[in-house]
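Colleague: Structure in structure tokens, see below.
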Amino acid sequence: MKKMVTLFALLATSSYTHGQDAKAKPANRLIEEVVVLAQKREENIQDVPISLAAFSAQALDAKGIDDPVGLAQFTPGLTYGQSVNFAVVYIRGVGTDAFLPDSDPSVATYIDGIYYPFANGQAQAFGAVERVEVLKGPQGTLFGRNSTGGAINIITKSPGIEPEASAQLIKSRFDTLKQRYYLSYPVGDMLASSVSYVRSTADQYYKGTRGDGNGGTTGFPQENTDGYRYKLRFSPTDNIDLNLAYIDYQQYGLGSTVMPNTAPSLLAQALQVEAETRDYHANVDVASYFSLDNQVLYGQFEWRLPWFDLKLLASDQDISTDNVYDQDGSDAPFITFDAKGQFADVTTQEIQLVSNDSAPDWLEWIVGAYHLEQESGFPLNRLSLASLDISDNELYGIPLPSQLIDVLADFGVPDGLSVGLVSLLGTESTAYFAQSTVHLNDSFSLTLGGRYQEERRYVIESSIGAVNLDGSRTDALFFSTPEKETSNFSPKVSLAYNPADDLMIYGSYTIGFKSGTFNTTNIYDEPEYVDPEEVTSIELGVKSQWLDRSLTLNGALFENTIDDLQVQFVSLISGGAVSLENAGSAQIRGAEVDSQWLPAPERNPGLVITLSAAYLDSEYTDYKNASGFDETTGLYNMGFGDFTGNRVVRTPEWTTNLGANQVVALGDTGELEFAASAYYSSGLYFLAQNSSVSYQESYTVVDASVSFLHYASNIRATVFGKNMTDEHYATSQIHGDAGRVEYLAPPPVYGIRLNWELM
């Protein structure tokens, strides 16, 4: 009891001190020096010759960002969507729309230095964080495999030597209640621990019905998330730190599994599938739901030696999801994808040797090694297909592949098809990397780096069998279990020139590598290997501060050339429920600018204006023998398409963000903060064949907020509105045999947010 009283006394004293010091802080919480780990060492963002955006915890709160999805609205060139609760991320036109465990994201996600290779359930709440960094362009040398588009680097709050606590409550439309709590407390001089907890409940903003599993219908379930992160820091000496962490995150609901059919194909129309309007309404005959169980144990050991710093990182990651998905997006019994037990088991180890202050002033370096082992896939999918009118080996006049005809005959179509698919994939990857920056003189710095990687991909099982009423499987057909070994060297060269204080001009040449994989979710085809993807990036950039550092202006010109681009295709008739294929090549040329301006630092230091924009000129320069859909019937084109010259998917030509943030002091009592932002996207295609049905037109999203910070209590109350102009736009579309199913961004959301910090 005495310890608890002492704790709260310390917190109260700390809170009072913080409140007294609040007036001495910068007039606007967007004005702060940003330190990043983009090169695996702490550096000022303006000194790093890499194009990136960084958001501190205060900046995230000021902009209303509490999960990775929200980053896209404030980071032009970044698109972040969800398909069946898989994160779909693109940076500068490089990404993947794949949503299966046998494919990898092209934008790597890191949390506290640990690589997260899976995309399902990735768009989860941040919890208590120090900072979030969005690194643009290939980051293969230091961030490793599958970072061809870039990396999202999340640094969470760690326990320190002083007590710290915070709480956040958000109440908003759709009966949404979000909670976030954080507590950190030292236990003696050597030990400290912390816990970060998040919980949210909300009604699904789509309205409609789903099947109840017994031939009837029921409403949509409530969206629920619940997660915590424990961290322990042990520092037996001034030079040794051991950090351990455990994450447990649970999610249940529908999320982006509810994707209504807004443009049914002729095949779907023949089966009585009717189009839904784009008004947040869906009726599906399947008992759809999504659940996630994510558990991660990770740690970092750091020993600051006289000659260098030694860092050891390791993780054990276990993710399991159930996803019951109505693939035709309607209340007609057409296509059901029952993917229960999908999993990924991952272990990683990494060693880093990093130069410290003992190195010469003109030299910085890092060397290391990395190892990953992973098994992932579907233990048993159930794919159900309604009865079809098949005559003369044709489907509504479209010739069918002979292999598919055999499968349909084996499993009973035209009376209906229900099969169980098993798809399991293994990965072993080892890499060695090094990077060094040489300061040639006071003006020039040269960075050289490289990463050598060896990887083995192997199919554990790919099979299909009939599903019985009790869920068991009979008459299974087992495909071959091939494996593939690859090696790759990815170099980096960067030259930075500082002609004056607060001005840096840099150029870089980088190659990024994304692993090859196998299509394991097959109906009649053997597992096919999809070649690795390679991105070559050339960038010329500038970082600068002007007008006594009241204006920060950064920009870049770049060109990404992608060879063997991995592209997703969804069609049962093509032989895989979802499969990948290689486009020959693509090219994205672009420019971007990022600025922050204090227009009146003396008269009005509380006003900050931000402007950022990205221009992307994207094109498939070689994409023959491409899988697509017949523009008239909507049926599979048998892989005879030629999409050369088309725009790259999910890559708008223009994206911009304009924001203003005004802080007004109210004497010794507190301060008001007014914020508004507008995000514009010029539109994008969701299909490589650039069909009009896959085009999302331009849209503008407007957000605004007003907050009051009470100095003495350090409580901030914020009233906010998001998508205030009620823009209807898709964050994801899936095109398949049934036509177009899509998931819209939320309609207008209004609410109140309370923040309370004790430190």
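Note on naming: chains are A, B, ... as they come in the structure tokens, residues start from 1 per chain, ligands start from 1 in the order shown.
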Enumerate, as number ranges by chain, the complete set of residues in segment 189-354 of chain A that a backbone-based DSSP assignment places in alpha helix (DSSP H).

Modeller: A: 266-270

Colleague: Dump C-alpha atoms for the selected residues as a CSV table (one decimal), in the first residue's frame?

Modeller:
chain,number,residue,atom,x,y,z
A,266,LEU,CA,-22.7,-11.5,-66.4
A,267,LEU,CA,-22.0,-14.9,-64.8
A,268,ALA,CA,-23.0,-13.5,-61.3
A,269,GLN,CA,-26.1,-11.9,-62.8
A,270,ALA,CA,-27.1,-15.3,-64.3

Colleague: Pick out the residues sitting within 6 Å of segment 540-547 of chain A, and hand them over as a count of residues only; count only C-alpha atoms, and ignore anything fewer than 3 positions along from it in its own chain.

Modeller: 14

Colleague: Give me, as number ranges by chain, all polymer residues having an atom no more than 6 Å from Asn283 of chain A, counting only C-alpha atoms and skipping those fewer than 6 positions away in the same chain.

Modeller: A: 208-210, 330-331

Colleague: Write out, as a PDB file, in the first residue's frame, the residues just selected, with N, CA and C atoms.

Modeller:
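The result, stored in selection_35.pdb:
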ATOM      1  N   GLY A 208     -26.590  -4.190 -42.888  1.00  0.00           N
ATOM      2  CA  GLY A 208     -27.146  -5.255 -43.704  1.00  0.00           C
ATOM      3  C   GLY A 208     -27.255  -6.536 -42.912  1.00  0.00           C
ATOM      4  N   THR A 209     -27.263  -7.646 -43.614  1.00  0.00           N
ATOM      5  CA  THR A 209     -27.415  -8.947 -42.967  1.00  0.00           C
ATOM      6  C   THR A 209     -26.382  -9.926 -43.500  1.00  0.00           C
ATOM      7  N   ARG A 210     -26.158 -10.982 -42.751  1.00  0.00           N
ATOM      8  CA  ARG A 210     -25.299 -12.093 -43.148  1.00  0.00           C
ATOM      9  C   ARG A 210     -26.021 -13.385 -42.793  1.00  0.00           C
ATOM     10  N   SER A 330     -22.748 -11.101 -52.108  1.00  0.00           N
ATOM     11  CA  SER A 330     -24.191 -10.948 -52.285  1.00  0.00           C
ATOM     12  C   SER A 330     -24.917 -11.989 -51.444  1.00  0.00           C
ATOM     13  N   ASP A 331     -26.262 -11.905 -51.461  1.00  0.00           N
ATOM     14  CA  ASP A 331     -27.054 -12.894 -50.729  1.00  0.00           C
ATOM     15  C   ASP A 331     -27.403 -14.100 -51.593  1.00  0.00           C
TER      16      ASP A 331
END

Colleague: Residues near segment 739-752 of chain A, anyone? I mean within 9 Å using only C-alpha atoms, not counting same-chain ones fewer than 3 positions away, as a PDB file with N, CA and C atoms, in the first residue's frame.

Modeller:
ATOM      1  N   GLY A  81      -4.549   0.331 -47.772  1.00  0.00           N
ATOM      2  CA  GLY A  81      -5.903  -0.204 -47.781  1.00  0.00           C
ATOM      3  C   GLY A  81      -5.965  -1.541 -47.083  1.00  0.00           C
ATOM      4  N   GLN A  82      -7.161  -2.141 -47.096  1.00  0.00           N
ATOM      5  CA  GLN A  82      -7.359  -3.458 -46.503  1.00  0.00           C
ATOM      6  C   GLN A  82      -8.210  -4.296 -47.445  1.00  0.00           C
ATOM      7  N   SER A  83      -7.797  -5.532 -47.668  1.00  0.00           N
ATOM      8  CA  SER A  83      -8.588  -6.505 -48.416  1.00  0.00           C
ATOM      9  C   SER A  83      -8.745  -7.738 -47.549  1.00  0.00           C
ATOM     10  N   LEU A 169      -9.142   8.179 -24.237  1.00  0.00           N
ATOM     11  CA  LEU A 169     -10.481   7.669 -24.504  1.00  0.00           C
ATOM     12  C   LEU A 169     -11.032   8.389 -25.721  1.00  0.00           C
ATOM     13  N   ILE A 170     -11.610   7.627 -26.654  1.00  0.00           N
ATOM     14  CA  ILE A 170     -12.228   8.203 -27.842  1.00  0.00           C
ATOM     15  C   ILE A 170     -13.654   7.667 -27.946  1.00  0.00           C
ATOM     16  N   LYS A 171     -14.604   8.576 -28.026  1.00  0.00           N
ATOM     17  CA  LYS A 171     -16.001   8.211 -28.235  1.00  0.00           C
ATOM     18  C   LYS A 171     -16.472   8.876 -29.510  1.00  0.00           C
ATOM     19  N   SER A 172     -16.974   8.075 -30.446  1.00  0.00           N
ATOM     20  CA  SER A 172     -17.344   8.640 -31.733  1.00  0.00           C
ATOM     21  C   SER A 172     -18.523   7.884 -32.339  1.00  0.00           C
ATOM     22  N   ARG A 173     -18.849   8.257 -33.557  1.00  0.00           N
ATOM     23  CA  ARG A 173     -19.994   7.687 -34.270  1.00  0.00           C
ATOM     24  C   ARG A 173     -19.892   6.171 -34.384  1.00  0.00           C
ATOM     25  N   PHE A 174     -21.015   5.532 -34.623  1.00  0.00           N
ATOM     26  CA  PHE A 174     -21.141   4.070 -34.728  1.00  0.00           C
ATOM     27  C   PHE A 174     -20.839   3.396 -33.387  1.00  0.00           C
ATOM     28  N   THR A 176     -18.680   3.892 -31.220  1.00  0.00           N
ATOM     29  CA  THR A 176     -17.270   3.522 -31.090  1.00  0.00           C
ATOM     30  C   THR A 176     -16.707   4.012 -29.764  1.00  0.00           C
ATOM     31  N   TYR A 205     -19.749  -0.006 -39.707  1.00  0.00           N
ATOM     32  CA  TYR A 205     -20.408   1.110 -40.383  1.00  0.00           C
ATOM     33  C   TYR A 205     -21.138   0.666 -41.643  1.00  0.00           C
ATOM     34  N   TYR A 206     -20.910  -0.552 -42.098  1.00  0.00           N
ATOM     35  CA  TYR A 206     -21.784  -1.132 -43.119  1.00  0.00           C
ATOM     36  C   TYR A 206     -23.018  -1.702 -42.427  1.00  0.00           C
ATOM     37  N   SER A 256     -12.860  -5.476 -42.985  1.00  0.00           N
ATOM     38  CA  SER A 256     -12.975  -5.413 -44.444  1.00  0.00           C
ATOM     39  C   SER A 256     -13.349  -6.753 -45.062  1.00  0.00           C
ATOM     40  N   THR A 257     -13.802  -7.721 -44.236  1.00  0.00           N
ATOM     41  CA  THR A 257     -14.366  -8.953 -44.803  1.00  0.00           C
ATOM     42  C   THR A 257     -15.724  -8.688 -45.432  1.00  0.00           C
ATOM     43  N   VAL A 258     -16.425  -7.650 -44.990  1.00  0.00           N
ATOM     44  CA  VAL A 258     -17.692  -7.295 -45.624  1.00  0.00           C
ATOM     45  C   VAL A 258     -17.386  -6.428 -46.848  1.00  0.00           C
ATOM     46  N   MET A 259     -17.505  -7.038 -48.023  1.00  0.00           N
ATOM     47  CA  MET A 259     -17.222  -6.358 -49.279  1.00  0.00           C
ATOM     48  C   MET A 259     -18.365  -6.639 -50.249  1.00  0.00           C
ATOM     49  N   PRO A 260     -19.345  -5.743 -50.332  1.00  0.00           N
ATOM     50  CA  PRO A 260     -20.499  -5.987 -51.192  1.00  0.00           C
ATOM     51  C   PRO A 260     -20.153  -5.919 -52.673  1.00  0.00           C
ATOM     52  N   ASN A 261     -20.935  -6.622 -53.471  1.00  0.00           N
ATOM     53  CA  ASN A 261     -20.750  -6.653 -54.921  1.00  0.00           C
ATOM     54  C   ASN A 261     -21.466  -5.451 -55.522  1.00  0.00           C
ATOM     55  N   THR A 262     -20.702  -4.505 -56.029  1.00  0.00           N
ATOM     56  CA  THR A 262     -21.281  -3.291 -56.609  1.00  0.00           C
ATOM     57  C   THR A 262     -21.255  -3.293 -58.135  1.00  0.00           C
ATOM     58  N   ALA A 263     -20.708  -4.345 -58.750  1.00  0.00           N
ATOM     59  CA  ALA A 263     -20.704  -4.463 -60.215  1.00  0.00           C
ATOM     60  C   ALA A 263     -20.610  -5.936 -60.584  1.00  0.00           C
ATOM     61  N   PRO A 264     -21.706  -6.700 -60.468  1.00  0.00           N
ATOM     62  CA  PRO A 264     -21.652  -8.139 -60.752  1.00  0.00           C
ATOM     63  C   PRO A 264     -21.377  -8.418 -62.223  1.00  0.00           C
ATOM     64  N   SER A 265     -20.637  -9.496 -62.481  1.00  0.00           N
ATOM     65  CA  SER A 265     -20.374  -9.938 -63.841  1.00  0.00           C
ATOM     66  C   SER A 265     -21.636 -10.565 -64.432  1.00  0.00           C
ATOM     67  N   LEU A 266     -21.599 -10.851 -65.745  1.00  0.00           N
ATOM     68  CA  LEU A 266     -22.739 -11.523 -66.375  1.00  0.00           C
ATOM     69  C   LEU A 266     -22.959 -12.898 -65.768  1.00  0.00           C
ATOM     70  N   LEU A 267     -21.860 -13.580 -65.406  1.00  0.00           N
ATOM     71  CA  LEU A 267     -21.973 -14.876 -64.760  1.00  0.00           C
ATOM     72  C   LEU A 267     -22.707 -14.740 -63.434  1.00  0.00           C
ATOM     73  N   ALA A 268     -22.332 -13.746 -62.632  1.00  0.00           N
ATOM     74  CA  ALA A 268     -22.993 -13.536 -61.345  1.00  0.00           C
ATOM     75  C   ALA A 268     -24.449 -13.141 -61.532  1.00  0.00           C
ATOM     76  N   ARG A 278     -23.321   2.029 -53.690  1.00  0.00           N
ATOM     77  CA  ARG A 278     -22.165   2.381 -52.850  1.00  0.00           C
ATOM     78  C   ARG A 278     -22.639   3.254 -51.687  1.00  0.00           C
ATOM     79  N   ASP A 279     -23.480   2.663 -50.832  1.00  0.00           N
ATOM     80  CA  ASP A 279     -24.041   3.426 -49.713  1.00  0.00           C
ATOM     81  C   ASP A 279     -23.872   2.682 -48.395  1.00  0.00           C
ATOM     82  N   TYR A 280     -22.789   1.921 -48.264  1.00  0.00           N
ATOM     83  CA  TYR A 280     -22.479   1.224 -47.016  1.00  0.00           C
ATOM     84  C   TYR A 280     -23.563   0.218 -46.642  1.00  0.00           C
ATOM     85  N   GLN A 327     -17.300 -14.507 -51.223  1.00  0.00           N
ATOM     86  CA  GLN A 327     -16.481 -13.989 -52.314  1.00  0.00           C
ATOM     87  C   GLN A 327     -17.297 -13.318 -53.409  1.00  0.00           C
ATOM     88  N   ASP A 328     -18.578 -13.650 -53.515  1.00  0.00           N
ATOM     89  CA  ASP A 328     -19.408 -12.969 -54.512  1.00  0.00           C
ATOM     90  C   ASP A 328     -20.063 -11.723 -53.951  1.00  0.00           C
ATOM     91  N   GLY A 329     -19.973 -11.476 -52.642  1.00  0.00           N
ATOM     92  CA  GLY A 329     -20.453 -10.244 -52.040  1.00  0.00           C
ATOM     93  C   GLY A 329     -21.936 -10.016 -52.154  1.00  0.00           C
ATOM     94  N   GLY A 634     -17.023 -10.481 -68.370  1.00  0.00           N
ATOM     95  CA  GLY A 634     -16.456 -10.489 -67.037  1.00  0.00           C
ATOM     96  C   GLY A 634     -15.792 -11.802 -66.672  1.00  0.00           C
ATOM     97  N   LEU A 635     -15.670 -12.743 -67.622  1.00  0.00           N
ATOM     98  CA  LEU A 635     -15.055 -14.038 -67.337  1.00  0.00           C
ATOM     99  C   LEU A 635     -13.551 -13.999 -67.621  1.00  0.00           C
ATOM    100  N   VAL A 693     -14.421  -0.326 -64.729  1.00  0.00           N
ATOM    101  CA  VAL A 693     -15.104  -0.818 -63.543  1.00  0.00           C
ATOM    102  C   VAL A 693     -14.161  -0.885 -62.341  1.00  0.00           C
ATOM    103  N   SER A 694     -12.848  -0.836 -62.591  1.00  0.00           N
ATOM    104  CA  SER A 694     -11.876  -0.914 -61.500  1.00  0.00           C
ATOM    105  C   SER A 694     -11.301   0.447 -61.136  1.00  0.00           C
ATOM    106  N   ALA A 717      -8.797  17.783 -24.148  1.00  0.00           N
ATOM    107  CA  ALA A 717     -10.084  17.358 -24.698  1.00  0.00           C
ATOM    108  C   ALA A 717     -10.179  17.843 -26.138  1.00  0.00           C
ATOM    109  N   THR A 718     -10.487  16.928 -27.062  1.00  0.00           N
ATOM    110  CA  THR A 718     -10.515  17.234 -28.493  1.00  0.00           C
ATOM    111  C   THR A 718     -11.851  16.826 -29.089  1.00  0.00           C
ATOM    112  N   VAL A 719     -12.456  17.727 -29.820  1.00  0.00           N
ATOM    113  CA  VAL A 719     -13.637  17.423 -30.628  1.00  0.00           C
ATOM    114  C   VAL A 719     -13.178  17.353 -32.080  1.00  0.00           C
ATOM    115  N   PHE A 720     -13.534  16.272 -32.780  1.00  0.00           N
ATOM    116  CA  PHE A 720     -12.985  16.086 -34.122  1.00  0.00           C
ATOM    117  C   PHE A 720     -14.057  15.614 -35.097  1.00  0.00           C
ATOM    118  N   GLY A 721     -13.771  15.835 -36.373  1.00  0.00           N
ATOM    119  CA  GLY A 721     -14.577  15.303 -37.459  1.00  0.00           C
ATOM    120  C   GLY A 721     -13.674  14.786 -38.560  1.00  0.00           C
ATOM    121  N   LYS A 722     -14.002  13.613 -39.103  1.00  0.00           N
ATOM    122  CA  LYS A 722     -13.222  13.011 -40.182  1.00  0.00           C
ATOM    123  C   LYS A 722     -14.125  12.765 -41.384  1.00  0.00           C
ATOM    124  N   ASN A 723     -13.555  12.957 -42.576  1.00  0.00           N
ATOM    125  CA  ASN A 723     -14.317  12.830 -43.830  1.00  0.00           C
ATOM    126  C   ASN A 723     -15.583  13.669 -43.755  1.00  0.00           C
ATOM    127  N   MET A 724     -15.397  14.923 -43.417  1.00  0.00           N
ATOM    128  CA  MET A 724     -16.540  15.796 -43.141  1.00  0.00           C
ATOM    129  C   MET A 724     -17.356  16.127 -44.383  1.00  0.00           C
ATOM    130  N   THR A 725     -16.788  15.937 -45.572  1.00  0.00           N
ATOM    131  CA  THR A 725     -17.533  16.201 -46.805  1.00  0.00           C
ATOM    132  C   THR A 725     -18.221  14.949 -47.348  1.00  0.00           C
ATOM    133  N   ASP A 726     -18.165  13.853 -46.594  1.00  0.00           N
ATOM    134  CA  ASP A 726     -18.873  12.607 -46.935  1.00  0.00           C
ATOM    135  C   ASP A 726     -18.467  12.078 -48.308  1.00  0.00           C
ATOM    136  N   GLU A 727     -17.159  11.911 -48.496  1.00  0.00           N
ATOM    137  CA  GLU A 727     -16.663  11.324 -49.742  1.00  0.00           C
ATOM    138  C   GLU A 727     -16.832   9.803 -49.697  1.00  0.00           C
ATOM    139  N   HIS A 728     -17.411   9.238 -50.755  1.00  0.00           N
ATOM    140  CA  HIS A 728     -17.530   7.792 -50.905  1.00  0.00           C
ATOM    141  C   HIS A 728     -16.391   7.324 -51.819  1.00  0.00           C
ATOM    142  N   TYR A 729     -15.427   6.618 -51.247  1.00  0.00           N
ATOM    143  CA  TYR A 729     -14.311   6.137 -52.055  1.00  0.00           C
ATOM    144  C   TYR A 729     -13.845   4.796 -51.513  1.00  0.00           C
ATOM    145  N   ALA A 730     -13.380   3.955 -52.424  1.00  0.00           N
ATOM    146  CA  ALA A 730     -12.946   2.602 -52.068  1.00  0.00           C
ATOM    147  C   ALA A 730     -11.488   2.615 -51.630  1.00  0.00           C
ATOM    148  N   THR A 731     -11.227   1.965 -50.507  1.00  0.00           N
ATOM    149  CA  THR A 731      -9.848   1.727 -50.102  1.00  0.00           C
ATOM    150  C   THR A 731      -9.358   0.380 -50.617  1.00  0.00           C
ATOM    151  N   SER A 732     -10.311  -0.454 -51.085  1.00  0.00           N
ATOM    152  CA  SER A 732      -9.918  -1.745 -51.641  1.00  0.00           C
ATOM    153  C   SER A 732     -11.019  -2.260 -52.560  1.00  0.00           C
ATOM    154  N   GLN A 733     -10.615  -2.924 -53.620  1.00  0.00           N
ATOM    155  CA  GLN A 733     -11.522  -3.654 -54.507  1.00  0.00           C
ATOM    156  C   GLN A 733     -10.888  -5.009 -54.817  1.00  0.00           C
ATOM    157  N   ILE A 734     -11.736  -6.028 -54.935  1.00  0.00           N
ATOM    158  CA  ILE A 734     -11.303  -7.338 -55.413  1.00  0.00           C
ATOM    159  C   ILE A 734     -12.172  -7.685 -56.614  1.00  0.00           C
ATOM    160  N   HIS A 735     -11.528  -7.984 -57.729  1.00  0.00           N
ATOM    161  CA  HIS A 735     -12.232  -8.344 -58.954  1.00  0.00           C
ATOM    162  C   HIS A 735     -12.038  -9.832 -59.202  1.00  0.00           C
ATOM    163  N   GLY A 736     -13.133 -10.554 -59.363  1.00  0.00           N
ATOM    164  CA  GLY A 736     -13.074 -11.985 -59.582  1.00  0.00           C
ATOM    165  C   GLY A 736     -14.163 -12.440 -60.526  1.00  0.00           C
TER     166      GLY A 736
END

Colleague: With a distance cut-off of 6 Å and only C-alpha atoms, select the neighbouring residues of Leu383 of chain A, excluding the residue or stretch itself and same-chain residues fewer than 3 positions from it, and output the selection as a PyMOL selection string.

Modeller: chain A and resi 336-337+418-419

Colleague: Restricting the calculation to only C-alpha atoms, which member of A:Leu421, A:Ala434, A:Ile154, A:Ala54 is positioned closest to Ser463 of chain A?

Modeller: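 With only C-alpha atoms as the atom set, the closest residue is A:Leu421.
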
Colleague: I'd like the interatomic distance between atom CA of Leu37 of chain A and atom CA of Gln566 of chain A, to a tenth of an Å.

Modeller: 29.1 Å
